[in-house]
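Below: final21.pdb (PDB, C-alpha atoms)
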ATOM      1  CA  MET A   1     -35.723  13.842  63.250
ATOM      2  CA  PHE A   2     -34.887  11.349  60.505
ATOM      3  CA  LEU A   3     -36.750  13.240  57.753
ATOM      4  CA  GLU A   4     -33.902  15.742  57.631
ATOM      5  CA  LYS A   5     -31.763  12.998  56.071
ATOM      6  CA  TYR A   6     -34.144  12.693  53.129
ATOM      7  CA  LEU A   7     -35.442  16.215  52.487
ATOM      8  CA  ASN A   8     -33.781  19.432  51.467
ATOM      9  CA  PRO A   9     -33.957  22.268  54.009
ATOM     10  CA  GLU A  10     -36.806  24.050  52.200
ATOM     11  CA  ASN A  11     -39.025  20.968  52.158
ATOM     12  CA  MET A  12     -38.155  20.174  55.746
ATOM     13  CA  GLN A  13     -39.201  23.682  56.744
ATOM     14  CA  LEU A  14     -42.541  23.188  54.954
ATOM     15  CA  ILE A  15     -43.078  19.976  56.907
ATOM     16  CA  LYS A  16     -42.258  21.692  60.201
ATOM     17  CA  GLU A  17     -44.729  24.472  59.414
ATOM     18  CA  GLU A  18     -47.507  22.035  58.576
ATOM     19  CA  TYR A  19     -47.092  19.304  61.210
ATOM     20  CA  GLU A  20     -46.537  19.194  64.945
ATOM     21  CA  GLU A  21     -43.057  18.118  65.969
ATOM     22  CA  SER A  22     -44.531  15.272  68.015
ATOM     23  CA  TYR A  23     -46.198  13.879  64.885
ATOM     24  CA  ILE A  24     -43.010  14.124  62.854
ATOM     25  CA  THR A  25     -40.942  12.425  65.540
ATOM     26  CA  SER A  26     -43.543   9.681  65.926
ATOM     27  CA  MET A  27     -42.973   8.550  62.360
ATOM     28  CA  ASN A  28     -41.267   5.221  61.796
ATOM     29  CA  GLU A  29     -38.229   5.545  59.543
ATOM     30  CA  LYS A  30     -38.388   1.908  58.467
ATOM     31  CA  ASN A  31     -41.985   2.287  57.293
ATOM     32  CA  PHE A  32     -41.141   5.614  55.657
ATOM     33  CA  LEU A  33     -38.419   3.911  53.636
ATOM     34  CA  LYS A  34     -40.705   1.006  52.711
ATOM     35  CA  VAL A  35     -43.305   3.416  51.344
ATOM     36  CA  CYS A  36     -40.619   5.359  49.444
ATOM     37  CA  SER A  37     -39.353   2.107  47.976
ATOM     38  CA  LEU A  38     -42.883   1.073  47.001
ATOM     39  CA  LEU A  39     -43.421   4.376  45.200
ATOM     40  CA  LYS A  40     -40.094   4.100  43.369
ATOM     41  CA  LYS A  41     -40.794   0.477  42.446
ATOM     42  CA  ASN A  42     -43.984   1.714  40.816
ATOM     43  CA  ASN A  43     -42.184   4.472  38.891
ATOM     44  CA  ILE A  44     -43.574   7.289  41.018
ATOM     45  CA  TYR A  45     -40.680   9.670  41.385
ATOM     46  CA  CYS A  46     -42.302  12.875  42.660
ATOM     47  CA  ILE A  47     -41.639  11.563  46.153
ATOM     48  CA  ASP A  48     -40.438  14.852  47.645
ATOM     49  CA  ASP A  49     -43.692  16.508  46.586
ATOM     50  CA  ILE A  50     -45.668  13.601  48.002
ATOM     51  CA  ILE A  51     -43.804  13.824  51.313
ATOM     52  CA  VAL A  52     -44.481  17.554  51.608
ATOM     53  CA  ASN A  53     -48.140  17.325  50.613
ATOM     54  CA  TYR A  54     -49.122  13.896  51.929
ATOM     55  CA  LEU A  55     -46.821  13.030  54.817
ATOM     56  CA  ASP A  56     -49.550  10.851  56.324
ATOM     57  CA  LEU A  57     -49.086   8.427  53.444
ATOM     58  CA  PHE A  58     -45.778   7.391  55.020
ATOM     59  CA  MET A  59     -47.570   6.299  58.169
ATOM     60  CA  MET A  60     -49.736   3.842  56.228
ATOM     61  CA  ASP A  61     -49.325   0.092  56.248
ATOM     62  CA  GLU A  62     -47.198  -0.786  53.219
ATOM     63  CA  SER A  63     -49.223  -3.846  52.172
ATOM     64  CA  LYS A  64     -52.539  -1.966  52.247
ATOM     65  CA  LEU A  65     -50.987   0.888  50.324
ATOM     66  CA  GLU A  66     -49.563  -1.494  47.745
ATOM     67  CA  SER A  67     -52.969  -3.077  47.183
ATOM     68  CA  LYS A  68     -54.639   0.321  46.728
ATOM     69  CA  LEU A  69     -51.847   1.492  44.444
ATOM     70  CA  GLU A  70     -52.295  -1.569  42.218
ATOM     71  CA  LYS A  71     -56.004  -0.796  41.870
ATOM     72  CA  LEU A  72     -55.213   2.826  41.057
ATOM     73  CA  LYS A  73     -52.719   1.742  38.394
ATOM     74  CA  GLU A  74     -55.396  -0.431  36.805
ATOM     75  CA  GLN A  75     -57.846   2.484  36.803
ATOM     76  CA  LEU A  76     -55.405   4.975  35.309
ATOM     77  CA  GLY A  77     -53.827   2.680  32.735
ATOM     78  CA  LYS A  78     -50.283   2.447  31.459
ATOM     79  CA  ASN A  79     -49.588   6.178  31.881
ATOM     80  CA  TYR A  80     -50.469   6.056  35.593
ATOM     81  CA  SER A  81     -47.068   7.378  36.684
ATOM     82  CA  PHE A  82     -47.351  10.452  34.470
ATOM     83  CA  ILE A  83     -50.955  11.027  35.537
ATOM     84  CA  ILE A  84     -50.125  10.806  39.243
ATOM     85  CA  GLY A  85     -47.082  13.043  38.796
ATOM     86  CA  ASN A  86     -49.277  15.708  37.248
ATOM     87  CA  ASP A  87     -52.120  15.419  39.743
ATOM     88  CA  LEU A  88     -51.126  14.426  43.261
ATOM     89  CA  ARG A  89     -54.774  14.412  44.300
ATOM     90  CA  TYR A  90     -54.690  10.753  43.318
ATOM     91  CA  ILE A  91     -52.333  10.219  46.259
ATOM     92  CA  GLY A  92     -54.762  12.036  48.535
ATOM     93  CA  ASN A  93     -57.598   9.860  47.285
ATOM     94  CA  LEU A  94     -55.466   6.800  47.886
ATOM     95  CA  MET A  95     -55.055   7.826  51.498
ATOM     96  CA  GLU A  96     -58.782   8.365  51.946
ATOM     97  CA  ASP A  97     -59.443   4.888  50.615
ATOM     98  CA  ILE A  98     -56.993   3.350  53.098
ATOM     99  CA  SER A  99     -58.222   5.158  56.195
TER     100      SER A  99
END
Kindly transcribe the structure held in the file into structure tokens.
Amino acid sequence: MFLEKYLNPENMQLIKEEYEESYITSMNEKNFLKVCSLLKKNNIYCIDDIIVNYLDLFMMDESKLESKLEKLKEQLGKNYSFIIGNDLRYIGNLMEDIS
């Protein structure tokens, strides 16, 4: 399970309690890392919280996610990173828009 390389034991336990092992093992590490990189590139650093609360985000197509994230940044303005960090529901909404 590659997630163990990126999460502390407490967060990994939360993931295991929330998701089926088959789902976790079906995740693609390369895509996971691309999404992490995209978030970091856009100054979104609450990644551990996003992983725990919105693991499905890391299954999304990176290019679609990037497009939606750009639109969200435009909507929220220059303080988008702070706003998202204080209200992760924006990430949830992002996922709904992609689905």
Self-check item: Hits of the PyMOL selection byres ((chain A and resi 49) around 12) in this structure, as a PyMOL selection string
Solution: chain A and resi 7-8+10-12+14-15+36+44-48+50-55+57+84-89+91
Self-check item: Residue nearest Thr25 (chain A) among A:Lys71, A:Met1, A:Leu39, A:Glu62 (counting all atoms listed in the file)
Solution: A:Met1
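Here CA of Met59 (chain A) is placed at a distance of 16.7 Å from CA of Lys40 (chain A).
If you measure from each of A:Leu94, A:Glu4, A:Phe58, A:Glu20 to Phe32 (chain A) using all atoms listed in the file, the closest one turns out to be A:Phe58.
The closest residue to Glu96 (chain A), picked from A:Met60, A:Leu38, A:Ile83, A:Lys30 and counting all atoms listed in the file, is A:Met60.
Distances from A:Asn43, A:Val35, A:Ile24, A:Asp56 to Tyr80 (chain A) were compared using all atoms listed in the file, and the smallest one belongs to A:Asn43.
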How big is the axis-aligned box around all listed atoms of region 56-60 of chain A once 3 Å goes on each side, and where's its centre, in Å to one decimal, as lines of an AutoDock Vina configuration file?
center_x = -47.8
center_y = 7.3
center_z = 55.8
size_x = 10.0
size_y = 13.0
size_z = 10.7
Quiz item: Hey, what comes out of the PyMOL selection byres ((chain A and resi 68) around 12) on this file? Could you write it as a PyMOL selection string?
Solution: chain A and resi 38+57+60-67+69-75+90-99
Self-check item: Distance in Å - CA of Phe82 (chain A) versus CA of Lys41 (chain A)
Solution: 14.4 Å
